Every structure is written in C-alpha cells, then in structure tokens.
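run16.tsv (TSV, N, CA and C atoms) appears below.
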```
chain	number	residue	atom	x	y	z
S	327	MET	N	98.70	118.77	74.19
S	327	MET	CA	97.33	119.29	74.25
S	327	MET	C	97.05	119.78	75.66
S	328	ASP	N	96.64	120.98	75.76
S	328	ASP	CA	96.27	121.57	77.04
S	328	ASP	C	94.83	121.24	77.35
S	329	ARG	N	94.61	120.40	78.35
S	329	ARG	CA	93.23	120.14	78.77
S	329	ARG	C	92.88	121.13	79.86
S	330	GLN	N	91.71	121.68	79.77
S	330	GLN	CA	91.26	122.66	80.75
S	330	GLN	C	90.14	122.06	81.58
S	331	MET	N	90.19	122.29	82.89
S	331	MET	CA	89.10	121.87	83.76
S	331	MET	C	88.52	123.13	84.40
S	332	TYR	N	87.21	123.25	84.29
S	332	TYR	CA	86.51	124.42	84.81
S	332	TYR	C	85.47	123.97	85.82
S	333	HIS	N	85.13	124.86	86.72
S	333	HIS	CA	84.06	124.60	87.69
S	333	HIS	C	83.00	125.68	87.49
S	334	TYR	N	81.77	125.25	87.27
S	334	TYR	CA	80.64	126.17	87.09
S	334	TYR	C	79.55	125.81	88.08
S	335	ALA	N	78.69	126.77	88.33
S	335	ALA	CA	77.61	126.57	89.29
S	335	ALA	C	76.60	125.54	88.80
S	336	THR	N	76.40	125.46	87.49
S	336	THR	CA	75.41	124.52	86.96
S	336	THR	C	75.92	123.83	85.71
S	337	VAL	N	75.36	122.66	85.44
S	337	VAL	CA	75.67	121.93	84.21
S	337	VAL	C	75.24	122.76	83.01
S	338	SER	N	74.08	123.44	83.10
S	338	SER	CA	73.60	124.24	81.97
S	338	SER	C	74.60	125.31	81.58
S	339	LYS	N	75.25	125.93	82.57
S	339	LYS	CA	76.25	126.96	82.28
S	339	LYS	C	77.44	126.35	81.55
S	340	ALA	N	77.87	125.19	81.98
S	340	ALA	CA	78.97	124.50	81.29
S	340	ALA	C	78.58	124.18	79.84
S	341	LEU	N	77.36	123.69	79.64
S	341	LEU	CA	76.90	123.37	78.29
S	341	LEU	C	76.82	124.62	77.42
S	342	GLN	N	76.38	125.73	77.99
S	342	GLN	CA	76.33	127.00	77.24
S	342	GLN	C	77.73	127.43	76.82
S	343	GLU	N	78.69	127.34	77.74
S	343	GLU	CA	80.07	127.73	77.44
S	343	GLU	C	80.65	126.85	76.33
S	344	LEU	N	80.41	125.56	76.41
S	344	LEU	CA	80.92	124.65	75.38
S	344	LEU	C	80.24	124.89	74.04
S	345	ALA	N	78.95	125.13	74.03
S	345	ALA	CA	78.23	125.40	72.78
S	345	ALA	C	78.81	126.65	72.12
S	346	ALA	N	79.13	127.66	72.92
S	346	ALA	CA	79.72	128.89	72.38
S	346	ALA	C	81.09	128.61	71.75
S	347	LYS	N	81.74	127.53	72.19
S	347	LYS	CA	83.05	127.17	71.65
S	347	LYS	C	82.93	126.15	70.51
S	348	GLY	N	81.70	125.87	70.07
S	348	GLY	CA	81.50	124.98	68.93
S	348	GLY	C	81.25	123.53	69.26
S	349	TYR	N	81.06	123.18	70.52
S	349	TYR	CA	80.76	121.81	70.91
S	349	TYR	C	79.25	121.62	70.84
S	350	THR	N	78.77	121.19	69.69
S	350	THR	CA	77.33	121.17	69.46
S	350	THR	C	76.71	119.77	69.39
S	351	THR	N	77.49	118.74	69.22
S	351	THR	CA	76.95	117.38	69.13
S	351	THR	C	76.70	116.84	70.54
S	352	ASP	N	75.57	116.18	70.74
S	352	ASP	CA	75.26	115.53	72.01
S	352	ASP	C	75.75	114.09	71.92
S	353	PHE	N	76.96	113.84	72.43
S	353	PHE	CA	77.53	112.50	72.35
S	353	PHE	C	76.87	111.52	73.32
S	354	ASN	N	76.00	112.00	74.23
S	354	ASN	CA	75.25	111.06	75.06
S	354	ASN	C	74.32	110.22	74.18
S	355	LEU	N	73.90	110.79	73.06
S	355	LEU	CA	73.04	110.06	72.13
S	355	LEU	C	73.84	109.07	71.31
S	356	GLU	N	75.16	109.15	71.38
S	356	GLU	CA	76.04	108.27	70.61
S	356	GLU	C	76.99	107.51	71.54
S	357	GLU	N	76.50	107.14	72.69
S	357	GLU	CA	77.34	106.46	73.68
S	357	GLU	C	77.95	105.18	73.12
S	358	ASP	N	77.20	104.42	72.34
S	358	ASP	CA	77.73	103.18	71.77
S	358	ASP	C	78.89	103.47	70.82
S	359	ARG	N	78.82	104.57	70.09
S	359	ARG	CA	79.92	104.97	69.20
S	359	ARG	C	81.18	105.25	70.01
S	360	ILE	N	81.04	105.93	71.13
S	360	ILE	CA	82.20	106.22	71.97
S	360	ILE	C	82.78	104.93	72.54
S	361	LYS	N	81.91	104.04	73.02
S	361	LYS	CA	82.39	102.78	73.60
S	361	LYS	C	83.11	101.93	72.56
S	362	ALA	N	82.59	101.90	71.34
S	362	ALA	CA	83.18	101.07	70.30
S	362	ALA	C	84.45	101.68	69.70
S	363	ASN	N	84.56	103.00	69.74
S	363	ASN	CA	85.68	103.67	69.07
S	363	ASN	C	86.32	104.73	69.95
S	364	PHE	N	86.49	104.46	71.23
S	364	PHE	CA	86.93	105.51	72.16
S	364	PHE	C	88.29	106.10	71.79
S	365	LYS	N	89.11	105.35	71.08
S	365	LYS	CA	90.42	105.88	70.67
S	365	LYS	C	90.28	106.95	69.59
S	366	ASP	N	89.09	107.09	69.01
S	366	ASP	CA	88.84	108.11	67.99
S	366	ASP	C	88.41	109.44	68.61
S	367	PHE	N	88.42	109.54	69.93
S	367	PHE	CA	87.98	110.75	70.61
S	367	PHE	C	89.09	111.30	71.50
S	368	GLU	N	89.09	112.62	71.62
S	368	GLU	CA	90.04	113.28	72.49
S	368	GLU	C	89.28	114.24	73.40
S	369	ILE	N	89.59	114.21	74.68
S	369	ILE	CA	88.96	115.12	75.62
S	369	ILE	C	89.70	116.45	75.52
S	370	MET	N	88.93	117.49	75.23
S	370	MET	CA	89.50	118.83	75.09
S	370	MET	C	89.29	119.66	76.35
S	371	GLU	N	88.13	119.50	76.97
S	371	GLU	CA	87.80	120.29	78.16
S	371	GLU	C	86.95	119.45	79.11
S	372	ILE	N	87.09	119.73	80.39
S	372	ILE	CA	86.30	119.04	81.41
S	372	ILE	C	85.68	120.10	82.31
S	373	TYR	N	84.37	120.00	82.48
S	373	TYR	CA	83.65	120.90	83.38
S	373	TYR	C	83.05	120.04	84.49
S	374	ARG	N	83.21	120.46	85.70
S	374	ARG	CA	82.70	119.69	86.82
S	374	ARG	C	81.66	120.49	87.59
S	375	TYR	N	80.57	119.81	87.92
S	375	TYR	CA	79.53	120.41	88.76
S	375	TYR	C	79.41	119.54	90.00
S	376	GLU	N	79.58	120.13	91.16
S	376	GLU	CA	79.49	119.39	92.41
S	376	GLU	C	78.34	119.94	93.23
S	377	GLY	N	77.42	119.07	93.56
S	377	GLY	CA	76.28	119.49	94.38
S	377	GLY	C	76.72	119.95	95.75
S	378	GLU	N	76.02	120.89	96.29
S	378	GLU	CA	76.39	121.46	97.58
S	378	GLU	C	76.31	120.43	98.71
S	379	SER	N	75.27	119.61	98.72
S	379	SER	CA	75.12	118.69	99.85
S	379	SER	C	74.86	117.25	99.43
S	380	ASP	N	74.42	117.03	98.21
S	380	ASP	CA	74.04	115.70	97.76
S	380	ASP	C	74.99	115.22	96.67
S	381	PRO	N	75.76	114.15	96.93
S	381	PRO	CA	76.65	113.63	95.89
S	381	PRO	C	75.89	113.22	94.63
S	382	GLY	N	74.60	112.95	94.76
S	382	GLY	CA	73.78	112.60	93.59
S	382	GLY	C	73.63	113.76	92.63
S	383	ASP	N	73.97	114.96	93.06
S	383	ASP	CA	73.89	116.13	92.18
S	383	ASP	C	75.18	116.36	91.39
S	384	GLU	N	76.20	115.54	91.59
S	384	GLU	CA	77.47	115.72	90.91
S	384	GLU	C	77.36	115.31	89.45
S	385	ALA	N	78.09	116.03	88.60
S	385	ALA	CA	78.13	115.70	87.17
S	385	ALA	C	79.44	116.18	86.59
S	386	THR	N	79.87	115.51	85.54
S	386	THR	CA	81.04	115.93	84.78
S	386	THR	C	80.60	116.12	83.34
S	387	VAL	N	80.97	117.26	82.77
S	387	VAL	CA	80.65	117.56	81.38
S	387	VAL	C	81.96	117.56	80.61
S	388	TYR	N	82.04	116.68	79.62
S	388	TYR	CA	83.24	116.56	78.80
S	388	TYR	C	83.03	117.28	77.47
S	389	GLY	N	83.97	118.10	77.07
S	389	GLY	CA	84.02	118.65	75.73
S	389	GLY	C	84.97	117.77	74.95
S	390	ILE	N	84.43	117.01	74.00
S	390	ILE	CA	85.27	116.05	73.28
S	390	ILE	C	85.23	116.31	71.78
S	391	LYS	N	86.29	115.84	71.13
S	391	LYS	CA	86.40	116.01	69.68
S	391	LYS	C	86.76	114.67	69.07
S	392	SER	N	86.07	114.33	67.99
S	392	SER	CA	86.36	113.08	67.30
S	392	SER	C	87.49	113.30	66.30
S	393	LYS	N	88.10	112.22	65.86
S	393	LYS	CA	89.19	112.32	64.88
S	393	LYS	C	88.76	113.03	63.61
S	394	ASP	N	87.46	112.92	63.25
S	394	ASP	CA	86.98	113.58	62.04
S	394	ASP	C	86.61	115.04	62.28
S	395	GLY	N	86.92	115.57	63.49
S	395	GLY	CA	86.72	116.99	63.77
S	395	GLY	C	85.38	117.35	64.39
S	396	GLN	N	84.52	116.38	64.60
S	396	GLN	CA	83.22	116.66	65.21
S	396	GLN	C	83.41	116.98	66.69
S	397	LYS	N	82.87	118.12	67.13
S	397	LYS	CA	82.99	118.54	68.52
S	397	LYS	C	81.64	118.44	69.21
S	398	GLY	N	81.67	117.92	70.43
S	398	GLY	CA	80.43	117.80	71.17
S	398	GLY	C	80.65	117.60	72.64
S	399	VAL	N	79.58	117.30	73.33
S	399	VAL	CA	79.61	117.14	74.78
S	399	VAL	C	79.12	115.77	75.20
S	400	PHE	N	79.59	115.35	76.36
S	400	PHE	CA	79.09	114.15	77.00
S	400	PHE	C	78.93	114.49	78.47
S	401	VAL	N	77.73	114.30	79.00
S	401	VAL	CA	77.44	114.61	80.40
S	401	VAL	C	77.33	113.30	81.16
S	402	ALA	N	78.17	113.16	82.18
S	402	ALA	CA	78.16	111.97	83.02
S	402	ALA	C	77.72	112.36	84.42
S	403	GLY	N	76.57	111.89	84.81
S	403	GLY	CA	76.07	112.18	86.15
S	403	GLY	C	76.63	111.19	87.16
S	404	TYR	N	76.42	111.50	88.42
S	404	TYR	CA	76.84	110.62	89.51
S	404	TYR	C	76.23	109.24	89.28
S	405	GLY	N	77.04	108.21	89.39
S	405	GLY	CA	76.55	106.85	89.19
S	405	GLY	C	76.60	106.40	87.74
S	406	ALA	N	77.04	107.27	86.82
S	406	ALA	CA	77.09	106.91	85.40
S	406	ALA	C	78.34	106.12	85.06
S	407	PHE	N	79.25	105.97	86.02
S	407	PHE	CA	80.54	105.38	85.74
S	407	PHE	C	80.56	103.88	85.95
S	408	SER	N	79.57	103.18	85.41
S	408	SER	CA	79.57	101.72	85.51
S	408	SER	C	80.70	101.17	84.66
S	409	GLU	N	81.12	99.96	84.95
S	409	GLU	CA	82.28	99.36	84.32
S	409	GLU	C	82.22	99.40	82.79
S	410	ASN	N	81.04	99.27	82.22
S	410	ASN	CA	80.91	99.14	80.78
S	410	ASN	C	80.28	100.39	80.14
S	411	SER	N	80.58	101.55	80.66
S	411	SER	CA	79.94	102.76	80.15
S	411	SER	C	80.93	103.66	79.43
S	412	ALA	N	80.40	104.51	78.57
S	412	ALA	CA	81.24	105.50	77.90
S	412	ALA	C	81.81	106.47	78.93
S	413	ALA	N	81.05	106.76	79.98
S	413	ALA	CA	81.53	107.67	81.03
S	413	ALA	C	82.79	107.11	81.68
S	414	LYS	N	82.84	105.81	81.90
S	414	LYS	CA	84.02	105.18	82.50
S	414	LYS	C	85.22	105.30	81.57
S	415	LEU	N	85.00	105.10	80.28
S	415	LEU	CA	86.09	105.27	79.31
S	415	LEU	C	86.60	106.70	79.30
S	416	LEU	N	85.69	107.66	79.32
S	416	LEU	CA	86.10	109.07	79.31
S	416	LEU	C	86.85	109.42	80.59
S	417	GLU	N	86.40	108.88	81.72
S	417	GLU	CA	87.10	109.13	82.98
S	417	GLU	C	88.53	108.60	82.89
S	418	THR	N	88.70	107.43	82.34
S	418	THR	CA	90.02	106.84	82.18
S	418	THR	C	90.88	107.69	81.24
S	419	MET	N	90.28	108.16	80.15
S	419	MET	CA	91.03	109.00	79.22
S	419	MET	C	91.48	110.28	79.89
S	420	SER	N	90.63	110.89	80.71
S	420	SER	CA	91.01	112.15	81.35
S	420	SER	C	92.12	111.92	82.37
S	421	ILE	N	92.10	110.78	83.05
S	421	ILE	CA	93.16	110.47	84.00
S	421	ILE	C	94.47	110.26	83.26
S	422	GLN	N	94.44	109.55	82.14
S	422	GLN	CA	95.64	109.37	81.34
S	422	GLN	C	96.18	110.69	80.87
S	423	GLY	N	95.31	111.59	80.45
S	423	GLY	CA	95.73	112.90	79.98
S	423	GLY	C	96.42	113.70	81.07
S	424	ARG	N	95.90	113.64	82.28
S	424	ARG	CA	96.52	114.37	83.39
S	424	ARG	C	97.88	113.78	83.73
S	425	GLU	N	98.01	112.46	83.61
S	425	GLU	CA	99.30	111.83	83.91
S	425	GLU	C	100.36	112.22	82.88
S	426	ASP	N	99.94	112.49	81.65
S	426	ASP	CA	100.88	112.85	80.59
S	426	ASP	C	101.43	114.25	80.75
S	427	GLU	N	100.78	115.10	81.53
S	427	GLU	CA	101.18	116.50	81.63
S	427	GLU	C	102.33	116.67	82.58
```

Could you take the file, read its structure, and then write that structure out as structure tokens?
Amino acid sequence: MDRQMYHYATVSKALQELAAKGYTTDFNLEEDRIKANFKDFEIMEIYRYEGESDPGDEATVYGIKSKDGQKGVFVAGYGAFSENSAAKLLETMSIQGREDE
C-alpha cells in the first residue's frame, strides 16, 4: 500500500482534497470505535499542517479506510496525542507503515 503524505497551507484544504477523493465520514465523531477496533482501519493518506510560528497550530489529517470500506478523515491537533487517544493509535500506525516501506 502506497501511503501518501501531503503538505497543505490549511487543514480545510486537506479536508477538501480528501472529500473529493471520497473520504466523507468524520471519524473524530467515532474516536471510541477507532480506539476499540484500530486494527480494522488502514491509513491511506496523511496531510500535515504546520503553523508558521505557533506549534499549537499544528495538525495532522488522516485519510483512513475501515475494513468494511468506509472512508473518512480524522483530524489530530497539537496536543491530541495523549496516551489513550485514537490520535496516538493512528500516529503509531503511520509510523509502522513507514517502517514497512
């Protein structure tokens, strides 16, 4: 699986690009589902937004797909990577994916 990482000026632009590619589900509303079943998800694309001067403006937008074919997005802002969060699981999955390449 080819994972793509893109850099865009804004999170909204990343979300627009993903929506155009069929990523329409907001998985932030289903964070508990991701935490409970993270092995049922695959990261397809990663979009990164880095604030010019404030690390608090950083965000990562994941384009993910569930085993049942549902495509959607998960937006993880700076500080969202607490030990018990879906964002932390997704970060780990993306690192594993890069190591496999």

Item to complete: Select, from S:Asn363, S:Gly398, S:Val387, S:Thr336, the residue with the minimum atom-to-atom distance to Gly348 (chain S), counting all atoms listed in the file.
Response: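 Ranked by minimum distance to Gly348 (chain S), first place goes to S:Gly398.
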
Worksheet entry | From S:Thr350, S:Ser338, S:Thr386, S:Ser392, residue lying nearest Lys365 (chain S) [only C-alpha atoms] |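 That would be S:Ser392, the residue with the smallest distance to Lys365 (chain S).
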
Discussion item. Would you compute the distance between atom N of Glu376 (chain S) and CA of Val337 (chain S)? Give it in Å to one decimal.
Written reply: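 Atom N of Glu376 (chain S) sits 8.2 Å away from CA of Val337 (chain S).
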
Item to complete: Work out how far atom C of Lys361 (chain S) is from atom N of Tyr375 (chain S), in Å to one decimal.
Response: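 One can read the atom N of Tyr375 (chain S) to atom C of Lys361 (chain S) distance as 23.7 Å.
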
Response to the item:
Judged by only N, CA and C atoms, the minimum distance to Ile369 (chain S) among S:Ala340, S:Val401, S:Leu416, S:Ala385 is found for S:Leu416

Discussion item. Would you compute the distance between atom C of Asp366 (chain S) and CA of Lys339 (chain S)? Give it in Å to one decimal.
Written reply: 25.3 Å

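In this comparison, which uses only C-alpha atoms, the residue of S:Ile360, S:Gly395, S:Tyr388, S:Phe367 approaching Ala345 (chain S) most closely is S:Tyr388.
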
Would you mind listing what lies within 12 Å of Lys347 (chain S) as a JSON list (two decimals) with N, CA and C atoms, keeping the file's coordinate frame, with only C-alpha atoms counted and same-chain residues fewer than 5 positions away left out?
```json
[["chain", "number", "residue", "atom", "x", "y", "z"],
["S", 340, "ALA", "N", 77.87, 125.19, 81.98],
["S", 340, "ALA", "CA", 78.97, 124.50, 81.29],
["S", 340, "ALA", "C", 78.58, 124.18, 79.84],
["S", 341, "LEU", "N", 77.36, 123.69, 79.64],
["S", 341, "LEU", "CA", 76.90, 123.37, 78.29],
["S", 341, "LEU", "C", 76.82, 124.62, 77.42],
["S", 342, "GLN", "N", 76.38, 125.73, 77.99],
["S", 342, "GLN", "CA", 76.33, 127.00, 77.24],
["S", 342, "GLN", "C", 77.73, 127.43, 76.82],
["S", 370, "MET", "N", 88.93, 117.49, 75.23],
["S", 370, "MET", "CA", 89.50, 118.83, 75.09],
["S", 370, "MET", "C", 89.29, 119.66, 76.35],
["S", 371, "GLU", "N", 88.13, 119.50, 76.97],
["S", 371, "GLU", "CA", 87.80, 120.29, 78.16],
["S", 371, "GLU", "C", 86.95, 119.45, 79.11],
["S", 389, "GLY", "N", 83.97, 118.10, 77.07],
["S", 389, "GLY", "CA", 84.02, 118.65, 75.73],
["S", 389, "GLY", "C", 84.97, 117.77, 74.95],
["S", 390, "ILE", "N", 84.43, 117.01, 74.00],
["S", 390, "ILE", "CA", 85.27, 116.05, 73.28],
["S", 390, "ILE", "C", 85.23, 116.31, 71.78],
["S", 391, "LYS", "N", 86.29, 115.84, 71.13],
["S", 391, "LYS", "CA", 86.40, 116.01, 69.68],
["S", 391, "LYS", "C", 86.76, 114.67, 69.07],
["S", 397, "LYS", "N", 82.87, 118.12, 67.13],
["S", 397, "LYS", "CA", 82.99, 118.54, 68.52],
["S", 397, "LYS", "C", 81.64, 118.44, 69.21],
["S", 398, "GLY", "N", 81.67, 117.92, 70.43],
["S", 398, "GLY", "CA", 80.43, 117.80, 71.17],
["S", 398, "GLY", "C", 80.65, 117.60, 72.64],
["S", 399, "VAL", "N", 79.58, 117.30, 73.33],
["S", 399, "VAL", "CA", 79.61, 117.14, 74.78],
["S", 399, "VAL", "C", 79.12, 115.77, 75.20]]
```
